[in-house]
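Below is one structure, written out as structure tokens; the observations come after it.
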Amino acid sequence: GYLHIPAALNGMNLVEVHAVVITAGTTNTTDIQIANVTDTTDMLSTKLTIDSGETGSDTGATPAVINATYDDVATNDLLRVDVDAISTTAPKGLIVTLGFQLP
């Protein structure tokens, strides 16, 4: 999925990330990266992970880390949600929440 950054978010930083699935996957993690397509950078230095049998990244053994070097957005930036790995038995549904605020 993609997200277009509107003018109202210009100059803000990514400060919060969360992912949830509707039905948990099993065996291995589901790994999610937020890519700023416009800047050709990954916004997370540690990806969002949803562990086997879990439905949310908030309970992941390894918490996501926002890369402070690449956390800013500008008007008309294009962000992409990359699913870099999927549990062996794939989860169903994916909702990603991104929170922004002025530095």
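Chain labels run A, B, ... following the order of the structure tokens; each chain numbers its residues from 1, and ligands are numbered from 1 in the order shown.
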Residue contacts of Asp71 of chain A (8 Å, only C-alpha atoms) excluding same-chain residues fewer than 2 positions away, as a ChimeraX atom specification: /A:13-15,43,66-69,73
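By only C-alpha atoms, and with residues fewer than 4 positions from segment 50-58 of chain A along its chain excluded, the set lying at most 8 Å from it is His18, Ala19, Val20, Val21, Ile22, Thr23, Ala24, Gly25, Thr26, Thr27, Asn28, Thr29, Thr30, Asp31, Pro63 and Ser87 of chain A.
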Restrict the selected residues to N, CA, C and O atoms and save them as a PDB file, in the first residue's frame.
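Writing done, so here's result16.pdb:
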ATOM      1  N   HIS A  18       2.650   1.240  13.981  1.00  0.00           N
ATOM      2  CA  HIS A  18       1.999   0.050  14.531  1.00  0.00           C
ATOM      3  C   HIS A  18       1.393  -0.722  13.375  1.00  0.00           C
ATOM      4  O   HIS A  18       0.933  -0.135  12.389  1.00  0.00           O
ATOM      5  N   ALA A  19       1.412  -2.038  13.490  1.00  0.00           N
ATOM      6  CA  ALA A  19       0.771  -2.888  12.489  1.00  0.00           C
ATOM      7  C   ALA A  19      -0.081  -3.917  13.209  1.00  0.00           C
ATOM      8  O   ALA A  19       0.262  -4.388  14.302  1.00  0.00           O
ATOM      9  N   VAL A  20      -1.178  -4.264  12.596  1.00  0.00           N
ATOM     10  CA  VAL A  20      -2.075  -5.284  13.134  1.00  0.00           C
ATOM     11  C   VAL A  20      -2.616  -6.108  11.969  1.00  0.00           C
ATOM     12  O   VAL A  20      -2.804  -5.584  10.865  1.00  0.00           O
ATOM     13  N   VAL A  21      -2.811  -7.398  12.222  1.00  0.00           N
ATOM     14  CA  VAL A  21      -3.474  -8.271  11.257  1.00  0.00           C
ATOM     15  C   VAL A  21      -4.785  -8.742  11.864  1.00  0.00           C
ATOM     16  O   VAL A  21      -4.956  -8.734  13.083  1.00  0.00           O
ATOM     17  N   ILE A  22      -5.701  -9.134  11.025  1.00  0.00           N
ATOM     18  CA  ILE A  22      -7.013  -9.575  11.494  1.00  0.00           C
ATOM     19  C   ILE A  22      -6.947 -11.012  12.003  1.00  0.00           C
ATOM     20  O   ILE A  22      -7.501 -11.334  13.048  1.00  0.00           O
ATOM     21  N   THR A  23      -6.253 -11.864  11.277  1.00  0.00           N
ATOM     22  CA  THR A  23      -6.039 -13.254  11.689  1.00  0.00           C
ATOM     23  C   THR A  23      -4.544 -13.499  11.768  1.00  0.00           C
ATOM     24  O   THR A  23      -3.821 -13.241  10.800  1.00  0.00           O
ATOM     25  N   ALA A  24      -4.075 -13.999  12.906  1.00  0.00           N
ATOM     26  CA  ALA A  24      -2.639 -14.213  13.122  1.00  0.00           C
ATOM     27  C   ALA A  24      -2.067 -15.251  12.167  1.00  0.00           C
ATOM     28  O   ALA A  24      -2.730 -16.231  11.821  1.00  0.00           O
ATOM     29  N   GLY A  25      -0.829 -15.020  11.753  1.00  0.00           N
ATOM     30  CA  GLY A  25      -0.071 -16.023  11.020  1.00  0.00           C
ATOM     31  C   GLY A  25       0.690 -16.886  12.012  1.00  0.00           C
ATOM     32  O   GLY A  25       0.798 -16.541  13.191  1.00  0.00           O
ATOM     33  N   THR A  26       1.219 -17.998  11.530  1.00  0.00           N
ATOM     34  CA  THR A  26       2.000 -18.871  12.415  1.00  0.00           C
ATOM     35  C   THR A  26       3.315 -19.256  11.753  1.00  0.00           C
ATOM     36  O   THR A  26       3.410 -19.315  10.531  1.00  0.00           O
ATOM     37  N   THR A  27       4.277 -19.535  12.575  1.00  0.00           N
ATOM     38  CA  THR A  27       5.631 -19.932  12.203  1.00  0.00           C
ATOM     39  C   THR A  27       6.363 -18.781  11.520  1.00  0.00           C
ATOM     40  O   THR A  27       6.042 -18.404  10.401  1.00  0.00           O
ATOM     41  N   ASN A  28       7.301 -18.234  12.232  1.00  0.00           N
ATOM     42  CA  ASN A  28       8.114 -17.092  11.807  1.00  0.00           C
ATOM     43  C   ASN A  28       7.327 -15.784  11.894  1.00  0.00           C
ATOM     44  O   ASN A  28       6.132 -15.782  12.179  1.00  0.00           O
ATOM     45  N   THR A  29       8.012 -14.690  11.644  1.00  0.00           N
ATOM     46  CA  THR A  29       7.402 -13.365  11.782  1.00  0.00           C
ATOM     47  C   THR A  29       6.928 -12.821  10.447  1.00  0.00           C
ATOM     48  O   THR A  29       7.366 -13.263   9.389  1.00  0.00           O
ATOM     49  N   THR A  30       6.059 -11.827  10.537  1.00  0.00           N
ATOM     50  CA  THR A  30       5.711 -10.995   9.391  1.00  0.00           C
ATOM     51  C   THR A  30       6.425  -9.673   9.641  1.00  0.00           C
ATOM     52  O   THR A  30       6.261  -9.064  10.696  1.00  0.00           O
ATOM     53  N   ASP A  31       7.273  -9.261   8.680  1.00  0.00           N
ATOM     54  CA  ASP A  31       8.120  -8.077   8.833  1.00  0.00           C
ATOM     55  C   ASP A  31       7.671  -6.981   7.874  1.00  0.00           C
ATOM     56  O   ASP A  31       7.469  -7.244   6.684  1.00  0.00           O
ATOM     57  N   PRO A  63      10.929  -4.608  19.190  1.00  0.00           N
ATOM     58  CA  PRO A  63      10.131  -3.431  18.824  1.00  0.00           C
ATOM     59  C   PRO A  63      10.706  -2.703  17.596  1.00  0.00           C
ATOM     60  O   PRO A  63      11.917  -2.723  17.364  1.00  0.00           O
ATOM     61  N   SER A  87       4.827 -14.789   7.664  1.00  0.00           N
ATOM     62  CA  SER A  87       4.797 -16.055   8.410  1.00  0.00           C
ATOM     63  C   SER A  87       4.511 -17.201   7.452  1.00  0.00           C
ATOM     64  O   SER A  87       3.837 -17.024   6.428  1.00  0.00           O
TER      65      SER A  87
END
Val83 of chain A environment, 10 Å, only C-alpha atoms, sequence neighbours closer than 5 positions dropped, as JSON, numbers by chain: {"A": [1, 30, 31, 32, 33, 34, 47, 48, 49, 94]}
Contacts of Thr75 of chain A at 10 Å (only C-alpha atoms; same-chain gap of 4+ positions) as a PyMOL selection string: chain A and resi 4-12
Contact residues around Glu16 of chain A with only C-alpha atoms at 10 Å, ignoring same-chain residues under 3 positions, as a PyMOL selection string: chain A and resi 13+64-66+97-101
Å distance separating atom CA of Leu78 of chain A from atom CA of Ala90 of chain A, one decimal place: 26.8 Å
